>>> print(open('input_12.cif').read())   # mmCIF, C-alpha atoms
data_input
loop_
_atom_site.label_atom_id
_atom_site.label_comp_id
_atom_site.auth_asym_id
_atom_site.auth_seq_id
_atom_site.Cartn_x
_atom_site.Cartn_y
_atom_site.Cartn_z
CA MET A 1259 0.00 0.00 0.00
CA ALA A 1260 1.39 3.39 -1.00
CA LEU A 1261 2.02 5.80 1.84
CA LYS A 1262 0.22 9.12 1.52
CA ASN A 1263 1.49 12.45 2.75
CA ASN A 1264 -0.10 13.99 5.82
CA LYS A 1265 -0.98 17.61 5.03
CA SER A 1266 -1.49 18.44 8.71
CA LEU A 1267 2.18 17.59 9.31
CA GLY A 1268 3.39 19.78 6.46
CA GLN A 1269 4.68 16.81 4.46
CA HIS A 1270 5.99 17.75 1.01
CA TRP A 1271 8.28 15.11 -0.43
CA LEU A 1272 11.33 16.03 -2.50
CA LYS A 1273 12.41 13.47 -5.08
CA ASN A 1274 15.07 15.34 -7.09
CA ARG A 1275 18.21 13.28 -6.46
CA VAL A 1276 20.60 16.10 -7.36
CA ILE A 1277 19.09 18.37 -4.70
CA LEU A 1278 18.95 15.54 -2.14
CA ASP A 1279 22.63 14.84 -2.77
CA ASP A 1280 23.39 18.56 -2.39
CA ILE A 1281 21.75 18.60 1.06
CA ALA A 1282 23.73 15.51 2.10
CA ASP A 1283 26.98 16.94 0.71
CA PHE A 1284 26.52 20.21 2.62
CA ALA A 1285 26.02 18.19 5.83
CA VAL A 1286 29.40 16.49 5.47
CA LYS A 1287 32.14 17.86 7.72
CA GLU A 1288 35.59 16.44 8.37
CA GLY A 1289 35.65 14.27 11.49
CA VAL A 1290 31.84 13.96 11.65
CA GLU A 1291 30.61 10.39 11.06
CA ASN A 1292 27.04 10.57 12.40
CA CYS A 1293 24.02 12.41 11.06
CA LEU A 1294 20.69 13.22 12.71
CA GLU A 1295 17.91 13.47 10.14
CA ILE A 1296 14.71 15.38 10.89
CA GLY A 1297 11.55 14.02 9.29
CA PRO A 1298 12.88 11.39 6.85
CA GLY A 1299 9.46 10.70 5.33
CA LEU A 1300 9.88 8.16 2.53
CA GLY A 1301 13.66 8.06 2.99
CA THR A 1302 14.75 9.86 -0.17
CA LEU A 1303 17.23 12.06 1.75
CA THR A 1304 18.05 9.17 4.08
CA SER A 1305 19.43 7.29 1.08
CA SER A 1306 21.90 10.09 0.29
CA LEU A 1307 22.91 10.49 3.94
CA LEU A 1308 23.64 6.77 4.39
CA LYS A 1309 26.19 7.00 1.58
CA ARG A 1310 28.07 9.77 3.36
CA PHE A 1311 27.81 8.99 7.08
CA LYS A 1312 28.75 5.99 9.17
CA LYS A 1313 25.43 6.17 11.04
CA VAL A 1314 22.14 7.97 10.41
CA THR A 1315 19.56 8.53 13.15
CA SER A 1316 16.20 9.56 11.69
CA VAL A 1317 13.48 11.09 13.86
CA GLU A 1318 10.03 10.70 12.29
CA PHE A 1319 6.76 11.87 13.86
CA ASP A 1320 4.50 9.86 11.52
CA GLU A 1321 4.15 6.37 13.01
CA ASN A 1322 3.51 4.60 9.69
CA LEU A 1323 6.48 6.23 7.99
CA ALA A 1324 8.75 5.45 10.95
CA LYS A 1325 7.64 1.82 10.92
CA ASN A 1326 8.25 1.35 7.19
CA LEU A 1327 11.51 3.29 6.74
CA PRO A 1328 13.94 0.60 8.03
CA LYS A 1329 12.51 -1.88 5.50
CA SER A 1330 13.90 0.29 2.69
CA PHE A 1331 17.47 0.07 3.99
CA PRO A 1332 18.18 -3.49 5.15
CA GLY A 1333 21.65 -3.96 6.58
CA LYS A 1334 22.34 -0.22 6.81
CA ASN A 1335 23.39 1.55 10.00
CA LEU A 1336 20.09 3.40 10.31
CA GLU A 1337 18.21 4.05 13.54
CA VAL A 1338 14.64 5.27 13.16
CA ILE A 1339 12.95 6.89 16.14
CA ASN A 1340 9.21 7.56 16.11
CA ALA A 1341 9.02 10.85 18.03
CA ASP A 1342 8.20 14.53 17.90
CA PHE A 1343 11.55 16.17 17.13
CA LEU A 1344 10.73 19.12 19.39
CA LYS A 1345 10.56 16.67 22.31
CA PHE A 1346 13.42 14.42 21.21
CA ASP A 1347 16.40 14.28 23.60
CA LEU A 1348 19.39 15.58 21.63
CA ASN A 1349 21.72 14.35 24.36
CA THR A 1350 21.09 10.80 23.15
CA VAL A 1351 22.73 11.50 19.77
CA GLU A 1352 26.26 10.20 19.44
CA GLY A 1353 28.64 13.01 18.58
CA PRO A 1354 30.11 14.68 16.80
CA TYR A 1355 27.15 14.84 14.45
CA SER A 1356 25.53 16.84 11.67
CA VAL A 1357 21.82 17.56 11.23
CA ALA A 1358 19.95 17.41 7.93
CA GLY A 1359 16.31 17.57 6.94
CA ASN A 1360 13.53 18.83 4.72
CA ILE A 1361 11.45 20.27 7.52
CA PRO A 1362 7.85 21.52 7.81
CA TYR A 1363 7.70 25.28 7.34
CA TYR A 1364 5.50 25.88 10.38
CA ILE A 1365 8.07 24.62 12.90
CA THR A 1366 11.24 26.01 11.29
CA SER A 1367 12.04 28.54 14.03
CA PRO A 1368 11.45 26.17 16.98
CA ILE A 1369 13.65 23.50 15.36
CA ILE A 1370 16.54 25.90 14.69
CA GLU A 1371 16.26 27.44 18.15
CA ARG A 1372 16.30 24.02 19.77
CA LEU A 1373 19.39 22.90 17.84
CA LEU A 1374 21.37 26.08 18.53
CA LEU A 1375 20.52 26.10 22.24
CA ALA A 1376 21.19 22.38 22.73
CA GLU A 1377 23.79 21.24 25.20
CA ASN A 1378 24.84 18.56 22.70
CA LYS A 1379 25.13 20.89 19.69
CA PRO A 1380 25.56 19.56 16.15
CA GLU A 1381 28.69 20.45 14.20
CA ARG A 1382 26.64 21.49 11.17
CA ILE A 1383 22.94 22.01 10.39
CA VAL A 1384 21.62 21.76 6.84
CA LEU A 1385 17.90 22.33 6.34
CA LEU A 1386 15.57 22.81 3.41
CA ILE A 1387 13.15 25.54 4.51
CA GLN A 1388 10.89 28.22 3.08
CA LYS A 1389 12.98 30.52 0.85
CA GLU A 1390 11.64 33.69 2.48
CA VAL A 1391 12.61 32.44 5.96
CA ALA A 1392 16.07 31.32 4.80
CA GLU A 1393 16.76 34.78 3.39
CA ARG A 1394 15.40 36.42 6.54
CA ILE A 1395 17.78 34.36 8.69
CA ALA A 1396 20.74 35.33 6.49
CA ALA A 1397 19.77 39.02 6.47
CA GLU A 1398 22.39 41.74 6.60
CA ASP A 1399 22.17 44.93 8.63
CA GLY A 1400 19.22 46.97 7.45
CA LYS A 1401 17.03 43.88 7.21
CA GLN A 1402 17.69 42.23 10.56
CA SER A 1403 14.99 40.63 12.72
CA VAL A 1404 14.93 38.99 16.15
CA LEU A 1405 15.23 35.62 14.37
CA SER A 1406 18.21 36.59 12.21
CA LEU A 1407 20.05 38.15 15.16
CA PHE A 1408 19.40 35.08 17.31
CA VAL A 1409 20.68 32.67 14.65
CA GLN A 1410 23.64 34.80 13.56
CA ASN A 1411 24.67 35.14 17.21
CA ARG A 1412 25.06 31.37 17.48
CA ALA A 1413 25.96 30.22 13.97
CA ASP A 1414 27.70 31.23 10.76
CA VAL A 1415 24.97 31.29 8.11
CA GLU A 1416 25.24 30.32 4.44
CA LEU A 1417 22.53 30.04 1.81
CA GLY A 1418 22.49 27.13 -0.63
CA PRO A 1419 20.48 26.53 -3.81
CA VAL A 1420 16.86 27.59 -4.20
CA VAL A 1421 14.44 24.69 -4.74
CA VAL A 1422 11.30 25.62 -6.67
CA LYS A 1423 7.94 24.36 -5.42
CA GLY A 1424 7.44 22.12 -8.45
CA GLU A 1425 10.20 19.80 -7.21
CA PHE A 1426 7.95 18.60 -4.36
CA THR A 1427 5.07 16.14 -4.18
CA PRO A 1428 2.61 17.65 -3.48
CA PRO A 1429 4.01 21.09 -4.33
CA PRO A 1430 3.91 23.66 -1.51
CA LYS A 1431 2.67 27.20 -2.16
CA VAL A 1432 6.14 28.76 -2.04
CA ASP A 1433 9.73 27.99 -3.06
CA SER A 1434 12.30 26.58 -0.65
CA GLU A 1435 16.01 27.12 -0.08
CA ILE A 1436 18.83 25.19 1.54
CA ILE A 1437 20.34 26.90 4.58
CA ILE A 1438 23.64 25.84 6.15
CA LEU A 1439 24.38 26.72 9.78
CA ASN A 1440 27.75 26.19 11.41
CA PRO A 1441 27.19 26.56 15.19
CA LYS A 1442 29.67 28.68 17.15
CA ALA A 1443 30.08 30.24 20.58
CA PRO A 1444 27.66 33.18 21.02
CA GLU A 1445 29.03 36.58 19.98
CA ILE A 1446 26.92 38.50 22.47
CA LYS A 1447 25.37 37.62 25.82
CA GLU A 1448 21.84 36.21 25.94
CA GLU A 1449 20.73 39.08 28.22
CA VAL A 1450 21.16 41.52 25.32
CA PHE A 1451 18.19 39.84 23.60
CA LYS A 1452 15.80 41.30 26.16
CA LEU A 1453 16.76 44.72 24.79
CA ILE A 1454 16.57 43.44 21.19
CA LYS A 1455 13.03 42.13 21.70
CA THR A 1456 11.99 45.47 23.22
CA GLY A 1457 13.58 47.26 20.29
CA PHE A 1458 11.63 45.14 17.80
CA SER A 1459 8.29 45.62 19.61
CA SER A 1460 7.27 47.88 16.71
CA PRO A 1461 9.74 47.03 13.91
CA ARG A 1462 8.73 49.88 11.60
CA LYS A 1463 9.09 52.58 14.23
CA LYS A 1464 12.34 54.37 14.99
CA LEU A 1465 14.33 52.44 17.57
CA ILE A 1466 14.49 55.41 19.93
CA ALA A 1467 10.68 55.49 20.08
CA ASN A 1468 10.58 51.79 21.00
CA LEU A 1469 13.21 52.15 23.72
CA ALA A 1470 11.90 55.34 25.30
CA GLY A 1471 10.65 54.76 28.83
CA PRO A 1472 13.37 54.28 31.43
CA LYS A 1473 15.32 56.86 29.41
CA SER A 1474 13.83 59.87 27.64
CA LYS A 1475 14.04 60.28 23.88
CA GLU A 1476 16.51 63.13 24.43
CA GLU A 1477 18.76 60.94 26.56
CA LEU A 1478 18.57 58.20 23.92
CA LYS A 1479 19.44 60.64 21.13
CA ASN A 1480 22.55 61.70 23.06
CA LEU A 1481 23.43 58.06 23.67
CA PHE A 1482 23.00 57.18 20.00
CA GLU A 1483 25.22 60.10 19.01
CA LYS A 1484 27.88 58.96 21.47
CA LEU A 1485 27.78 55.43 20.00
CA GLY A 1486 27.83 56.66 16.41
CA LEU A 1487 24.32 55.36 15.73
CA ASP A 1488 21.78 57.16 13.55
CA GLU A 1489 19.03 58.60 15.75
CA ASN A 1490 16.56 57.71 12.96
CA ALA A 1491 17.67 54.06 12.87
CA ARG A 1492 15.05 51.36 12.96
CA PRO A 1493 15.56 48.02 14.79
CA ALA A 1494 16.49 46.21 11.55
CA ASP A 1495 19.46 48.54 11.01
CA LEU A 1496 21.56 47.47 13.99
CA SER A 1497 24.15 44.69 14.01
CA LEU A 1498 24.75 42.28 16.88
CA LYS A 1499 27.68 44.39 18.07
CA ASP A 1500 25.59 47.57 17.88
CA TRP A 1501 22.98 45.97 20.16
CA GLU A 1502 25.68 44.85 22.58
CA ARG A 1503 27.19 48.34 22.75
CA LEU A 1504 23.74 49.85 23.22
CA HIS A 1505 22.91 47.38 25.98
CA GLU A 1506 26.12 48.12 27.87
CA SER A 1507 25.56 51.88 27.56
CA MET A 1508 22.03 51.66 28.94
CA LEU A 1509 22.96 49.74 32.10
#
>>> encode(input="input_12.cif", output="structure tokens")
Amino acid sequence: MALKNNKSLGQHWLKNRVILDDIADFAVKEGVENCLEIGPGLGTLTSSLLKRFKKVTSVEFDENLAKNLPKSFPGKNLEVINADFLKFDLNTVEGPYSVAGNIPYYITSPIIERLLLAENKPERIVLLIQKEVAERIAAEDGKQSVLSLFVQNRADVELGPVVVKGEFTPPPKVDSEIIILNPKAPEIKEEVFKLIKTGFSSPRKKLIANLAGPKSKEELKNLFEKLGLDENARPADLSLKDWERLHESML
């Protein structure tokens, strides 16, 4: 019996072998023999990963898919775990390891946040996600968001090839893009993000207007001038280091 996709789980299956091989190739890193796959589905990406890693651990939420996946790869070093990835214990993964997956759009941010905050961090993360979100994560100053600042604080970000919606079965409504994250030690302290979130409370407003309260707008204008920041800057204009300097100056 053919397995059908579950729309409620955001299942869109990619069958283009060139793209699947690209994802697997990006996940390869010297000295990393294990790979954690998120949402293997029918195992099309799993096949490429098994050719490049000594062991693949695949976490699949769909019980039927999880049950059938091992049958497609007899004799291979594949462990399939039927679980919700957002509840899966990353400390059980043998390291060092990479992460790869074609993930549901609606849980992209929680998955990335979980991986970057994990005690047992992966060496590399390669995900196929919504193109718009991938570009938002890789944004440069002037187009920053809380998400991009969070990710860029904890990983070096690269964008891979765009994958048009027609490459999927069934096709989603938007195009996708491969994103490659190389986790690193945080550039700025986590406490700075309280200020960042306040600053982005109204993203289109001038940052000074969003931060006014404990300090007056006049005090903030003087502070911005001292730091070499434009008093008309909006939250998206500041870099991680700008936010850190601003945080330290407002203590």
>>> atom_distance(input="input_12.cif", atom1="CA of Phe1458 in chain A", atom2="CA of Val1404 in chain A")
7.2 Å
>>> atom_distance(input="input_12.cif", atom1="CA of Val1420 in chain A", atom2="CA of Pro1461 in chain A")
27.5 Å
>>> closest_residue(input="input_12.cif", among="A:Asp1342, A:Glu1476, A:Glu1506, A:Glu1435", to="Glu1321 in chain A", atoms="only C-alpha atoms")
A:Asp1342
>>> resolve_selection(input="input_12.cif", expression="the PyMOL selection byres ((chain A and resi 1354-1359) around 8)", output="PyMOL selection string")
chain A and resi 1281-1282+1285-1287+1289-1298+1303+1351-1353+1360-1361+1380-1386
>>> resolve_selection(input="input_12.cif", expression="the PyMOL selection byres ((chain A and resi 1329-1337) around 12)", output="JSON, numbers by chain")
{"A": [1291, 1292, 1293, 1294, 1295, 1298, 1299, 1300, 1301, 1302, 1304, 1305, 1306, 1307, 1308, 1309, 1310, 1311, 1312, 1313, 1314, 1315, 1316, 1317, 1318, 1322, 1323, 1324, 1325, 1326, 1327, 1328, 1338, 1339, 1340, 1351, 1352]}
>>> resolve_selection(input="input_12.cif", expression="the PyMOL selection byres ((chain A and resi 1456) around 12)", output="list in words")
Ser1403, Val1404, Glu1449, Val1450, Phe1451, Lys1452, Leu1453, Ile1454, Lys1455, Gly1457, Phe1458, Ser1459, Ser1460, Pro1461, Lys1463, Leu1465, Ile1466, Ala1467, Asn1468, Leu1469, Ala1470, Gly1471, Pro1493, Trp1501 and His1505 of chain A
>>> atom_distance(input="input_12.cif", atom1="CA of Ser1406 in chain A", atom2="CA of Glu1371 in chain A")
11.1 Å
>>> closest_residue(input="input_12.cif", among="A:Pro1441, A:Leu1405, A:Asp1280, A:Thr1366", to="Lys1379 in chain A", atoms="all atoms listed in the file")
A:Pro1441
>>> axis_aligned_box(input="input_12.cif", around="range 1298-1314 of chain A", padding_each_side="6 Å", output="lines of an AutoDock Vina configuration file")
center_x = 19.1
center_y = 9.0
center_z = 5.4
size_x = 31.3
size_y = 18.1
size_z = 23.2
>>> residues_near_point(input="input_12.cif", point="(14.8, 23.4, 23.8)", cutoff="12 Å", atoms="all atoms listed in the file", output="VMD selection string")
chain A and resid 1343 to 1349 1367 to 1379
>>> closest_residue(input="input_12.cif", among="A:Ile1387, A:Ala1443, A:Leu1481, A:Ile1395", to="Val1421 in chain A", atoms="all atoms listed in the file")
A:Ile1387
>>> closest_residue(input="input_12.cif", among="A:Ile1438, A:Arg1492, A:Lys1484, A:Leu1498", to="Gln1410 in chain A", atoms="all atoms listed in the file")
A:Leu1498
>>> closest_residue(input="input_12.cif", among="A:Leu1278, A:Leu1509, A:Leu1407, A:Leu1485", to="Glu1448 in chain A", atoms="all atoms listed in the file")
A:Leu1407
>>> residues_around(input="input_12.cif", residues="Leu1272 in chain A", least_positions_apart="6", cutoff="7 Å", atoms="only C-alpha atoms", output="list in words")
Glu1425, Phe1426 and Thr1427 of chain A
>>> residues_near_point(input="input_12.cif", point="(23.3, 40.8, 9.8)", cutoff="10 Å", atoms="only C-alpha atoms", output="ChimeraX atom specification")
/A:1394-1403,1406-1407,1409-1411,1415,1494-1498
>>> write_last_selection(input="input_12.cif", atoms="C-alpha atoms", output="PDB file, in the frame of the given file")
ATOM      1  CA  ARG A1394      15.400  36.420   6.540  1.00  0.00           C
ATOM      2  CA  ILE A1395      17.780  34.360   8.690  1.00  0.00           C
ATOM      3  CA  ALA A1396      20.740  35.330   6.490  1.00  0.00           C
ATOM      4  CA  ALA A1397      19.770  39.020   6.470  1.00  0.00           C
ATOM      5  CA  GLU A1398      22.390  41.740   6.600  1.00  0.00           C
ATOM      6  CA  ASP A1399      22.170  44.930   8.630  1.00  0.00           C
ATOM      7  CA  GLY A1400      19.220  46.970   7.450  1.00  0.00           C
ATOM      8  CA  LYS A1401      17.030  43.880   7.210  1.00  0.00           C
ATOM      9  CA  GLN A1402      17.690  42.230  10.560  1.00  0.00           C
ATOM     10  CA  SER A1403      14.990  40.630  12.720  1.00  0.00           C
ATOM     11  CA  SER A1406      18.210  36.590  12.210  1.00  0.00           C
ATOM     12  CA  LEU A1407      20.050  38.150  15.160  1.00  0.00           C
ATOM     13  CA  VAL A1409      20.680  32.670  14.650  1.00  0.00           C
ATOM     14  CA  GLN A1410      23.640  34.800  13.560  1.00  0.00           C
ATOM     15  CA  ASN A1411      24.670  35.140  17.210  1.00  0.00           C
ATOM     16  CA  VAL A1415      24.970  31.290   8.110  1.00  0.00           C
ATOM     17  CA  ALA A1494      16.490  46.210  11.550  1.00  0.00           C
ATOM     18  CA  ASP A1495      19.460  48.540  11.010  1.00  0.00           C
ATOM     19  CA  LEU A1496      21.560  47.470  13.990  1.00  0.00           C
ATOM     20  CA  SER A1497      24.150  44.690  14.010  1.00  0.00           C
ATOM     21  CA  LEU A1498      24.750  42.280  16.880  1.00  0.00           C
TER      22      LEU A1498
END
